[in-house]
file coords-v3.pdb (PDB, C-alpha atoms, pLDDT in the B column)
ATOM      1  CA  MET A   1     -19.997 -14.919  -2.088  1.00 90.00           C
ATOM      2  CA  PHE A   2     -17.320 -12.367  -2.901  1.00 96.00           C
ATOM      3  CA  ASP A   3     -16.898 -11.645  -6.592  1.00 97.00           C
ATOM      4  CA  PRO A   4     -13.501 -10.145  -7.601  1.00 97.00           C
ATOM      5  CA  THR A   5     -15.095  -8.303 -10.527  1.00 97.00           C
ATOM      6  CA  THR A   6     -17.057  -6.088  -8.090  1.00 98.00           C
ATOM      7  CA  LEU A   7     -13.871  -4.215  -7.126  1.00 98.00           C
ATOM      8  CA  THR A   8     -12.845  -0.966  -8.815  1.00 98.00           C
ATOM      9  CA  TYR A   9      -9.961  -1.480 -11.209  1.00 98.00           C
ATOM     10  CA  ASN A  10      -8.012   1.223 -13.030  1.00 97.00           C
ATOM     11  CA  ASP A  11      -8.150   1.766 -16.775  1.00 96.00           C
ATOM     12  CA  GLN A  12      -5.680  -1.097 -17.204  1.00 97.00           C
ATOM     13  CA  GLY A  13      -7.932  -3.404 -15.202  1.00 98.00           C
ATOM     14  CA  LEU A  14      -5.590  -3.387 -12.202  1.00 98.00           C
ATOM     15  CA  ILE A  15      -5.892  -2.757  -8.461  1.00 98.00           C
ATOM     16  CA  PRO A  16      -2.977  -2.028  -6.110  1.00 98.00           C
ATOM     17  CA  VAL A  17      -2.288  -4.594  -3.401  1.00 99.00           C
ATOM     18  CA  VAL A  18      -0.317  -3.894  -0.229  1.00 99.00           C
ATOM     19  CA  ALA A  19       1.366  -7.025   1.107  1.00 98.00           C
ATOM     20  CA  GLN A  20       1.969  -6.869   4.848  1.00 98.00           C
ATOM     21  CA  ASP A  21       3.775  -9.493   6.911  1.00 98.00           C
ATOM     22  CA  HIS A  22       1.098 -10.916   9.185  1.00 98.00           C
ATOM     23  CA  VAL A  23       3.538 -11.427  12.079  1.00 97.00           C
ATOM     24  CA  SER A  24       6.017  -8.518  11.988  1.00 97.00           C
ATOM     25  CA  ARG A  25       3.409  -6.238  10.363  1.00 98.00           C
ATOM     26  CA  ASP A  26       6.103  -4.807   8.114  1.00 98.00           C
ATOM     27  CA  VAL A  27       4.801  -3.599   4.777  1.00 98.00           C
ATOM     28  CA  LEU A  28       6.654  -5.825   2.328  1.00 98.00           C
ATOM     29  CA  MET A  29       5.651  -4.523  -1.098  1.00 98.00           C
ATOM     30  CA  VAL A  30       3.012  -2.968  -3.285  1.00 98.00           C
ATOM     31  CA  ALA A  31       2.063  -4.863  -6.433  1.00 98.00           C
ATOM     32  CA  TRP A  32      -0.909  -5.124  -8.757  1.00 98.00           C
ATOM     33  CA  MET A  33      -3.644  -7.624  -9.474  1.00 98.00           C
ATOM     34  CA  ASN A  34      -6.344  -7.943 -12.069  1.00 98.00           C
ATOM     35  CA  ALA A  35      -9.596  -9.759 -11.319  1.00 98.00           C
ATOM     36  CA  GLU A  36      -8.235 -13.055 -12.607  1.00 98.00           C
ATOM     37  CA  SER A  37      -5.041 -12.917 -10.540  1.00 98.00           C
ATOM     38  CA  LEU A  38      -7.154 -12.203  -7.480  1.00 98.00           C
ATOM     39  CA  ALA A  39      -9.396 -15.159  -8.301  1.00 98.00           C
ATOM     40  CA  ARG A  40      -6.316 -17.384  -8.602  1.00 98.00           C
ATOM     41  CA  THR A  41      -4.944 -16.067  -5.312  1.00 98.00           C
ATOM     42  CA  LEU A  42      -8.190 -16.842  -3.532  1.00 98.00           C
ATOM     43  CA  ALA A  43      -8.404 -20.273  -5.154  1.00 97.00           C
ATOM     44  CA  ASN A  44      -5.034 -21.565  -3.941  1.00 97.00           C
ATOM     45  CA  GLY A  45      -3.996 -19.136  -1.187  1.00 98.00           C
ATOM     46  CA  GLN A  46      -0.734 -18.185  -2.939  1.00 98.00           C
ATOM     47  CA  MET A  47      -0.335 -14.561  -3.934  1.00 98.00           C
ATOM     48  CA  THR A  48      -0.508 -14.198  -7.715  1.00 98.00           C
ATOM     49  CA  TYR A  49      -0.014 -10.696  -9.061  1.00 98.00           C
ATOM     50  CA  TRP A  50      -0.113  -9.200 -12.538  1.00 98.00           C
ATOM     51  CA  SER A  51       3.294  -8.126 -13.753  1.00 97.00           C
ATOM     52  CA  ARG A  52       2.948  -4.799 -15.530  1.00 96.00           C
ATOM     53  CA  SER A  53       6.440  -5.069 -17.053  1.00 95.00           C
ATOM     54  CA  ARG A  54       5.947  -8.597 -18.383  1.00 96.00           C
ATOM     55  CA  GLN A  55       2.172  -8.258 -18.937  1.00 98.00           C
ATOM     56  CA  ALA A  56       1.720 -11.709 -17.452  1.00 98.00           C
ATOM     57  CA  PHE A  57       0.551 -13.413 -14.296  1.00 98.00           C
ATOM     58  CA  TRP A  58       3.212 -13.364 -11.630  1.00 98.00           C
ATOM     59  CA  GLU A  59       2.918 -16.231  -9.204  1.00 97.00           C
ATOM     60  CA  LYS A  60       5.030 -14.777  -6.422  1.00 97.00           C
ATOM     61  CA  GLY A  61       7.950 -17.056  -5.574  1.00 96.00           C
ATOM     62  CA  ALA A  62       7.181 -19.617  -8.280  1.00 95.00           C
ATOM     63  CA  THR A  63      10.802 -19.613  -9.430  1.00 93.00           C
ATOM     64  CA  SER A  64      12.578 -18.199  -6.346  1.00 93.00           C
ATOM     65  CA  GLY A  65      10.659 -20.182  -3.754  1.00 96.00           C
ATOM     66  CA  HIS A  66       9.937 -16.917  -1.926  1.00 97.00           C
ATOM     67  CA  VAL A  67       6.226 -17.486  -1.912  1.00 97.00           C
ATOM     68  CA  GLN A  68       3.615 -15.450  -0.123  1.00 98.00           C
ATOM     69  CA  ARG A  69       0.753 -17.326   1.445  1.00 98.00           C
ATOM     70  CA  LEU A  70      -2.398 -15.312   1.921  1.00 98.00           C
ATOM     71  CA  ARG A  71      -3.605 -15.162   5.511  1.00 98.00           C
ATOM     72  CA  GLU A  72      -6.173 -12.365   5.368  1.00 98.00           C
ATOM     73  CA  LEU A  73      -7.500 -10.184   2.577  1.00 98.00           C
ATOM     74  CA  ARG A  74      -8.961  -6.756   3.266  1.00 98.00           C
ATOM     75  CA  ILE A  75     -10.725  -4.363   0.917  1.00 98.00           C
ATOM     76  CA  ASP A  76     -10.709  -0.604   1.396  1.00 98.00           C
ATOM     77  CA  CYS A  77     -13.706   1.724   1.611  1.00 98.00           C
ATOM     78  CA  ASP A  78     -13.471   2.744  -2.051  1.00 98.00           C
ATOM     79  CA  ARG A  79     -12.958  -0.853  -3.186  1.00 98.00           C
ATOM     80  CA  ASP A  80      -9.980   0.331  -5.199  1.00 98.00           C
ATOM     81  CA  SER A  81      -7.113  -1.068  -3.145  1.00 98.00           C
ATOM     82  CA  LEU A  82      -6.416  -4.290  -1.279  1.00 99.00           C
ATOM     83  CA  LEU A  83      -4.446  -5.215   1.820  1.00 99.00           C
ATOM     84  CA  ALA A  84      -3.097  -8.744   1.985  1.00 98.00           C
ATOM     85  CA  LEU A  85      -1.709 -10.059   5.256  1.00 98.00           C
ATOM     86  CA  VAL A  86       0.755 -12.692   4.182  1.00 98.00           C
ATOM     87  CA  GLU A  87       3.145 -15.320   5.386  1.00 98.00           C
ATOM     88  CA  GLN A  88       6.322 -14.473   3.499  1.00 98.00           C
ATOM     89  CA  VAL A  89       8.969 -17.122   2.865  1.00 97.00           C
ATOM     90  CA  GLY A  90      12.392 -15.449   2.682  1.00 97.00           C
ATOM     91  CA  PRO A  91      12.731 -12.025   1.093  1.00 98.00           C
ATOM     92  CA  ALA A  92       9.782 -10.326  -0.571  1.00 98.00           C
ATOM     93  CA  CYS A  93      12.066  -8.049  -2.592  1.00 98.00           C
ATOM     94  CA  HIS A  94      13.914  -9.088  -5.743  1.00 96.00           C
ATOM     95  CA  THR A  95      17.024  -7.465  -4.223  1.00 97.00           C
ATOM     96  CA  GLY A  96      16.991 -10.154  -1.526  1.00 97.00           C
ATOM     97  CA  ARG A  97      15.757  -7.847   1.193  1.00 98.00           C
ATOM     98  CA  ARG A  98      12.794  -8.727   3.344  1.00 98.00           C
ATOM     99  CA  SER A  99      10.801  -5.663   2.262  1.00 98.00           C
ATOM    100  CA  CYS A 100      10.911  -3.597  -0.920  1.00 98.00           C
ATOM    101  CA  PHE A 101      10.709  -0.470   1.269  1.00 98.00           C
ATOM    102  CA  TYR A 102      14.343  -0.535   2.341  1.00 98.00           C
ATOM    103  CA  THR A 103      15.133   3.064   1.449  1.00 98.00           C
ATOM    104  CA  GLN A 104      14.252   5.742   3.958  1.00 98.00           C
ATOM    105  CA  LEU A 105      14.422   9.467   3.688  1.00 98.00           C
ATOM    106  CA  ILE A 106      16.547  10.696   6.592  1.00 97.00           C
ATOM    107  CA  ASP A 107      17.323  14.402   6.857  1.00 95.00           C
ATOM    108  CA  GLY A 108      16.525  14.781   3.184  1.00 95.00           C
ATOM    109  CA  ASN A 109      18.784  11.959   2.021  1.00 97.00           C
ATOM    110  CA  GLU A 110      17.983   8.448   0.845  1.00 98.00           C
ATOM    111  CA  VAL A 111      19.426   5.887   3.258  1.00 98.00           C
ATOM    112  CA  ILE A 112      19.284   2.101   2.845  1.00 98.00           C
ATOM    113  CA  ILE A 113      17.973   0.762   6.139  1.00 98.00           C
ATOM    114  CA  SER A 114      17.975  -3.001   5.631  1.00 97.00           C
ATOM    115  CA  ASP A 115      20.397  -5.628   4.410  1.00 96.00           C
ATOM    116  CA  VAL A 116      20.074  -8.431   1.943  1.00 97.00           C
ATOM    117  CA  MET A 117      18.912 -11.536   3.801  1.00 94.00           C
ATOM    118  CA  GLU A 118      21.284 -14.451   4.410  1.00 85.00           C
ATOM    119  CA  ASP A 119      20.425 -17.682   2.602  1.00 69.00           C
TER     120      ASP A 119
ATOM    121  CA  MET B   1      19.222  15.965  -1.350  1.00 90.00           C
ATOM    122  CA  PHE B   2      16.195  13.902  -2.309  1.00 96.00           C
ATOM    123  CA  ASP B   3      14.326  15.172  -5.353  1.00 97.00           C
ATOM    124  CA  PRO B   4      10.648  14.064  -5.606  1.00 98.00           C
ATOM    125  CA  THR B   5      10.803  14.216  -9.409  1.00 97.00           C
ATOM    126  CA  THR B   6      13.274  11.284  -9.448  1.00 98.00           C
ATOM    127  CA  LEU B   7      10.496   8.849  -8.487  1.00 98.00           C
ATOM    128  CA  THR B   8       8.557   6.872 -11.074  1.00 98.00           C
ATOM    129  CA  TYR B   9       5.058   8.232 -11.547  1.00 98.00           C
ATOM    130  CA  ASN B  10       2.276   6.681 -13.611  1.00 97.00           C
ATOM    131  CA  ASP B  11       0.923   8.201 -16.812  1.00 96.00           C
ATOM    132  CA  GLN B  12      -1.180  10.570 -14.704  1.00 97.00           C
ATOM    133  CA  GLY B  13       1.900  11.726 -12.825  1.00 98.00           C
ATOM    134  CA  LEU B  14       0.887   9.877  -9.650  1.00 98.00           C
ATOM    135  CA  ILE B  15       2.513   7.424  -7.246  1.00 98.00           C
ATOM    136  CA  PRO B  16       0.636   5.242  -4.723  1.00 98.00           C
ATOM    137  CA  VAL B  17       1.321   5.925  -1.060  1.00 99.00           C
ATOM    138  CA  VAL B  18       0.635   3.439   1.747  1.00 99.00           C
ATOM    139  CA  ALA B  19      -0.048   5.203   5.041  1.00 98.00           C
ATOM    140  CA  GLN B  20       0.802   3.039   8.045  1.00 98.00           C
ATOM    141  CA  ASP B  21       0.221   3.979  11.668  1.00 98.00           C
ATOM    142  CA  HIS B  22       3.710   4.282  13.138  1.00 98.00           C
ATOM    143  CA  VAL B  23       2.611   2.929  16.535  1.00 97.00           C
ATOM    144  CA  SER B  24      -0.019   0.241  15.878  1.00 97.00           C
ATOM    145  CA  ARG B  25       1.509  -0.543  12.481  1.00 98.00           C
ATOM    146  CA  ASP B  26      -1.987  -0.867  11.025  1.00 98.00           C
ATOM    147  CA  VAL B  27      -2.194   0.000   7.363  1.00 98.00           C
ATOM    148  CA  LEU B  28      -4.571   2.959   7.342  1.00 98.00           C
ATOM    149  CA  MET B  29      -5.106   3.765   3.674  1.00 98.00           C
ATOM    150  CA  VAL B  30      -3.681   3.893   0.188  1.00 98.00           C
ATOM    151  CA  ALA B  31      -3.780   7.241  -1.576  1.00 98.00           C
ATOM    152  CA  TRP B  32      -1.900   9.020  -4.343  1.00 98.00           C
ATOM    153  CA  MET B  33       0.615  11.818  -4.623  1.00 98.00           C
ATOM    154  CA  ASN B  34       2.155  13.747  -7.466  1.00 98.00           C
ATOM    155  CA  ALA B  35       5.629  15.240  -7.175  1.00 98.00           C
ATOM    156  CA  GLU B  36       4.271  18.553  -5.925  1.00 98.00           C
ATOM    157  CA  SER B  37       2.094  16.995  -3.192  1.00 98.00           C
ATOM    158  CA  LEU B  38       5.118  15.014  -2.028  1.00 98.00           C
ATOM    159  CA  ALA B  39       7.198  18.194  -1.967  1.00 98.00           C
ATOM    160  CA  ARG B  40       4.496  19.906   0.125  1.00 98.00           C
ATOM    161  CA  THR B  41       4.347  16.907   2.476  1.00 98.00           C
ATOM    162  CA  LEU B  42       8.086  16.994   3.004  1.00 98.00           C
ATOM    163  CA  ALA B  43       8.052  20.760   3.480  1.00 97.00           C
ATOM    164  CA  ASN B  44       5.574  20.833   6.364  1.00 97.00           C
ATOM    165  CA  GLY B  45       5.378  17.234   7.587  1.00 98.00           C
ATOM    166  CA  GLN B  46       1.617  16.982   6.994  1.00 98.00           C
ATOM    167  CA  MET B  47       0.462  14.388   4.492  1.00 98.00           C
ATOM    168  CA  THR B  48      -0.851  16.099   1.359  1.00 98.00           C
ATOM    169  CA  TYR B  49      -2.215  13.776  -1.324  1.00 98.00           C
ATOM    170  CA  TRP B  50      -3.601  14.337  -4.789  1.00 98.00           C
ATOM    171  CA  SER B  51      -7.326  13.707  -4.995  1.00 97.00           C
ATOM    172  CA  ARG B  52      -8.044  11.859  -8.223  1.00 96.00           C
ATOM    173  CA  SER B  53     -11.795  12.478  -7.924  1.00 95.00           C
ATOM    174  CA  ARG B  54     -11.443  16.211  -7.282  1.00 96.00           C
ATOM    175  CA  GLN B  55      -8.230  16.644  -9.306  1.00 98.00           C
ATOM    176  CA  ALA B  56      -6.875  18.832  -6.551  1.00 98.00           C
ATOM    177  CA  PHE B  57      -4.407  18.766  -3.687  1.00 98.00           C
ATOM    178  CA  TRP B  58      -5.848  17.027  -0.662  1.00 98.00           C
ATOM    179  CA  GLU B  59      -4.339  18.209   2.575  1.00 97.00           C
ATOM    180  CA  LYS B  60      -5.384  15.286   4.732  1.00 97.00           C
ATOM    181  CA  GLY B  61      -7.477  16.444   7.680  1.00 96.00           C
ATOM    182  CA  ALA B  62      -7.504  20.118   6.657  1.00 95.00           C
ATOM    183  CA  THR B  63     -11.286  20.306   7.158  1.00 93.00           C
ATOM    184  CA  SER B  64     -11.911  17.305   9.451  1.00 93.00           C
ATOM    185  CA  GLY B  65      -8.922  17.820  11.728  1.00 96.00           C
ATOM    186  CA  HIS B  66      -7.961  14.192  11.151  1.00 97.00           C
ATOM    187  CA  VAL B  67      -4.468  15.076  10.044  1.00 97.00           C
ATOM    188  CA  GLN B  68      -1.629  12.723   9.354  1.00 98.00           C
ATOM    189  CA  ARG B  69       1.812  13.793  10.442  1.00 98.00           C
ATOM    190  CA  LEU B  70       4.658  12.194   8.567  1.00 98.00           C
ATOM    191  CA  ARG B  71       7.109  10.325  10.765  1.00 98.00           C
ATOM    192  CA  GLU B  72       9.093   8.313   8.225  1.00 98.00           C
ATOM    193  CA  LEU B  73       9.014   8.090   4.458  1.00 98.00           C
ATOM    194  CA  ARG B  74      10.226   4.994   2.624  1.00 98.00           C
ATOM    195  CA  ILE B  75      10.695   4.405  -1.080  1.00 98.00           C
ATOM    196  CA  ASP B  76      10.442   0.975  -2.685  1.00 98.00           C
ATOM    197  CA  CYS B  77      13.015  -0.757  -4.875  1.00 98.00           C
ATOM    198  CA  ASP B  78      11.291   0.271  -8.104  1.00 98.00           C
ATOM    199  CA  ARG B  79      10.793   3.853  -6.890  1.00 98.00           C
ATOM    200  CA  ASP B  80       7.147   3.572  -7.920  1.00 98.00           C
ATOM    201  CA  SER B  81       5.454   3.347  -4.535  1.00 98.00           C
ATOM    202  CA  LEU B  82       5.879   5.011  -1.156  1.00 99.00           C
ATOM    203  CA  LEU B  83       5.357   3.951   2.437  1.00 99.00           C
ATOM    204  CA  ALA B  84       4.576   6.692   4.919  1.00 98.00           C
ATOM    205  CA  LEU B  85       4.695   5.938   8.624  1.00 98.00           C
ATOM    206  CA  VAL B  86       2.323   8.436  10.116  1.00 98.00           C
ATOM    207  CA  GLU B  87       0.869   9.770  13.311  1.00 98.00           C
ATOM    208  CA  GLN B  88      -2.859   9.679  12.638  1.00 98.00           C
ATOM    209  CA  VAL B  89      -5.226  11.952  14.540  1.00 97.00           C
ATOM    210  CA  GLY B  90      -8.638  10.261  14.822  1.00 97.00           C
ATOM    211  CA  PRO B  91      -9.937   8.168  11.959  1.00 98.00           C
ATOM    212  CA  ALA B  92      -8.040   7.935   8.671  1.00 98.00           C
ATOM    213  CA  CYS B  93     -11.156   6.816   6.812  1.00 98.00           C
ATOM    214  CA  HIS B  94     -13.926   9.137   5.645  1.00 96.00           C
ATOM    215  CA  THR B  95     -16.404   6.609   7.137  1.00 97.00           C
ATOM    216  CA  GLY B  96     -15.053   7.459  10.598  1.00 97.00           C
ATOM    217  CA  ARG B  97     -13.134   4.216  10.983  1.00 98.00           C
ATOM    218  CA  ARG B  98      -9.509   4.187  11.974  1.00 98.00           C
ATOM    219  CA  SER B  99      -8.441   2.387   8.784  1.00 98.00           C
ATOM    220  CA  CYS B 100      -9.971   2.291   5.316  1.00 98.00           C
ATOM    221  CA  PHE B 101      -9.300  -1.467   5.266  1.00 98.00           C
ATOM    222  CA  TYR B 102     -12.225  -2.398   7.492  1.00 98.00           C
ATOM    223  CA  THR B 103     -13.708  -5.053   5.226  1.00 98.00           C
ATOM    224  CA  GLN B 104     -12.236  -8.525   5.416  1.00 98.00           C
ATOM    225  CA  LEU B 105     -12.916 -11.568   3.336  1.00 98.00           C
ATOM    226  CA  ILE B 106     -13.916 -14.358   5.710  1.00 97.00           C
ATOM    227  CA  ASP B 107     -14.930 -17.727   4.269  1.00 96.00           C
ATOM    228  CA  GLY B 108     -15.623 -16.022   0.957  1.00 95.00           C
ATOM    229  CA  ASN B 109     -17.828 -13.286   2.393  1.00 97.00           C
ATOM    230  CA  GLU B 110     -17.158  -9.613   3.040  1.00 98.00           C
ATOM    231  CA  VAL B 111     -17.279  -8.873   6.773  1.00 98.00           C
ATOM    232  CA  ILE B 112     -16.871  -5.439   8.389  1.00 98.00           C
ATOM    233  CA  ILE B 113     -14.257  -5.889  11.101  1.00 98.00           C
ATOM    234  CA  SER B 114     -14.055  -2.450  12.681  1.00 97.00           C
ATOM    235  CA  ASP B 115     -16.425   0.134  14.052  1.00 96.00           C
ATOM    236  CA  VAL B 116     -16.763   3.835  13.515  1.00 97.00           C
ATOM    237  CA  MET B 117     -14.637   5.629  16.122  1.00 94.00           C
ATOM    238  CA  GLU B 118     -16.263   7.487  18.992  1.00 85.00           C
ATOM    239  CA  ASP B 119     -15.814  11.253  18.988  1.00 69.00           C
TER     240      ASP B 119
END
call {"tool": "encode", "arguments": {"input": "coords-v3.pdb", "output": "structure tokens"}}
result
Amino acid sequence: MFDPTTLTYNDQGLIPVVAQDHVSRDVLMVAWMNAESLARTLANGQMTYWSRSRQAFWEKGATSGHVQRLRELRIDCDRDSLLALVEQVGPACHTGRRSCFYTQLIDGNEVIISDVMED
Amino acid sequence: MFDPTTLTYNDQGLIPVVAQDHVSRDVLMVAWMNAESLARTLANGQMTYWSRSRQAFWEKGATSGHVQRLRELRIDCDRDSLLALVEQVGPACHTGRRSCFYTQLIDGNEVIISDVMED
């Protein structure tokens, strides 16, 4: 059985996680987990990250309702990053956009390429 | 004009970069850049990372030929991670697989889901 502690964490005990929409295949966000948040995620199938700013578990969507359900979890060759294919309810981004990657470099300028989602 | 130094880097001066195949939309790898490797990437359109293990610039594919050409660069809301849509020549992974995320958790076990590419 998979043991979350066998992954390679950084000196703060964290591993980066790429959340990708399992249908559209858009990359939604990059966030961080520690071994315990990964264990919680695997236990209930809801993405739970570690908030570096709050230094606390961050159960994605717990207050907003914009939960991420885990569909598939992949581990990279170095075991130091994770890819989560998720079912995203509403926006993934705190700005209300579907993806956090809504700024694109076009001809050397930053351009916002997606709108805030309608309720 | 975009200035790479305006991004938020970690205490080692690095930012995580998700490389996604611009056609298949597979997530290929997660690697790291500092401001100078990002500047080099933008200058010539070839992904240049910072190798944490070698503490040196890592011009992806310079020896293997498995280069990544940058098609689109996106910045996330917190300006602390990047998404690069790339044109990948051959495998992205040093194991010879297309993506570094070739291990999937299935029913609690790690399963290799993709093969080494043919030459």
call {"tool": "axis_aligned_box", "arguments": {"input": "coords-v3.pdb", "around": "stretch 83-101 of chain B", "padding_each_side": "8 Å", "output": "AutoDock Vina command-line options"}}
result
--center_x -5.5 --center_y 5.2 --center_z 8.6 --size_x 37.8 --size_y 29.4 --size_z 28.4
call {"tool": "atom_distance", "arguments": {"input": "coords-v3.pdb", "atom1": "atom CA of B:Ile15", "atom2": "atom CA of A:Ala39"}}
result
25.6 Å
call {"tool": "residues_around", "arguments": {"input": "coords-v3.pdb", "residues": "A:Gly65", "least_positions_apart": "4", "cutoff": "10 Å", "atoms": "only C-alpha atoms", "output": "NGL selection string"}}
result
:A and (60-61 or 89-91)
call {"tool": "closest_residue", "arguments": {"input": "coords-v3.pdb", "among": "B:Asn44, B:Ser24, B:Thr8, B:Gln68", "to": "chain A", "atoms": "all atoms listed in the file"}}
result
B:Ser24
call {"tool": "atom_distance", "arguments": {"input": "coords-v3.pdb", "atom1": "atom CA of B:Asn109", "atom2": "atom CA of B:Gly96"}}
result
22.5 Å
call {"tool": "closest_residue", "arguments": {"input": "coords-v3.pdb", "among": "B:Asp76, B:Asp107, B:Glu59, B:Asp11", "to": "chain A", "atoms": "only C-alpha atoms"}}
result
B:Asp76
call {"tool": "closest_atom_pairs", "arguments": {"input": "coords-v3.pdb", "of": "chain A", "to": "chain B", "cutoff": "7 Å", "atoms": "only C-alpha atoms", "output": "tab-separated table"}}
result
residue	atom	partner	partner_atom	distance
A:Met1	CA	B:Asn109	CA	5.2
A:Phe2	CA	B:Asn109	CA	5.4
A:Arg25	CA	B:Arg25	CA	6.4
A:Val30	CA	B:Ser81	CA	6.9
A:Leu73	CA	B:Leu105	CA	5.6
A:Arg74	CA	B:Gln104	CA	4.3
A:Ile75	CA	B:Thr103	CA	5.3
A:Asp76	CA	B:Phe101	CA	4.2
A:Cys77	CA	B:Cys100	CA	5.3
A:Ser81	CA	B:Val30	CA	6.9
A:Cys100	CA	B:Asp76	CA	4.9
A:Phe101	CA	B:Asp76	CA	4.2
A:Tyr102	CA	B:Asp76	CA	6.5
A:Thr103	CA	B:Ile75	CA	5.3
A:Gln104	CA	B:Arg74	CA	4.3
A:Leu105	CA	B:Leu73	CA	5.6
A:Gly108	CA	B:Met1	CA	5.4
A:Asn109	CA	B:Met1	CA	5.3
A:Glu110	CA	B:Phe2	CA	6.5
call {"tool": "atom_distance", "arguments": {"input": "coords-v3.pdb", "atom1": "atom CA of B:Arg71", "atom2": "atom CA of A:Leu70"}}
result
28.7 Å
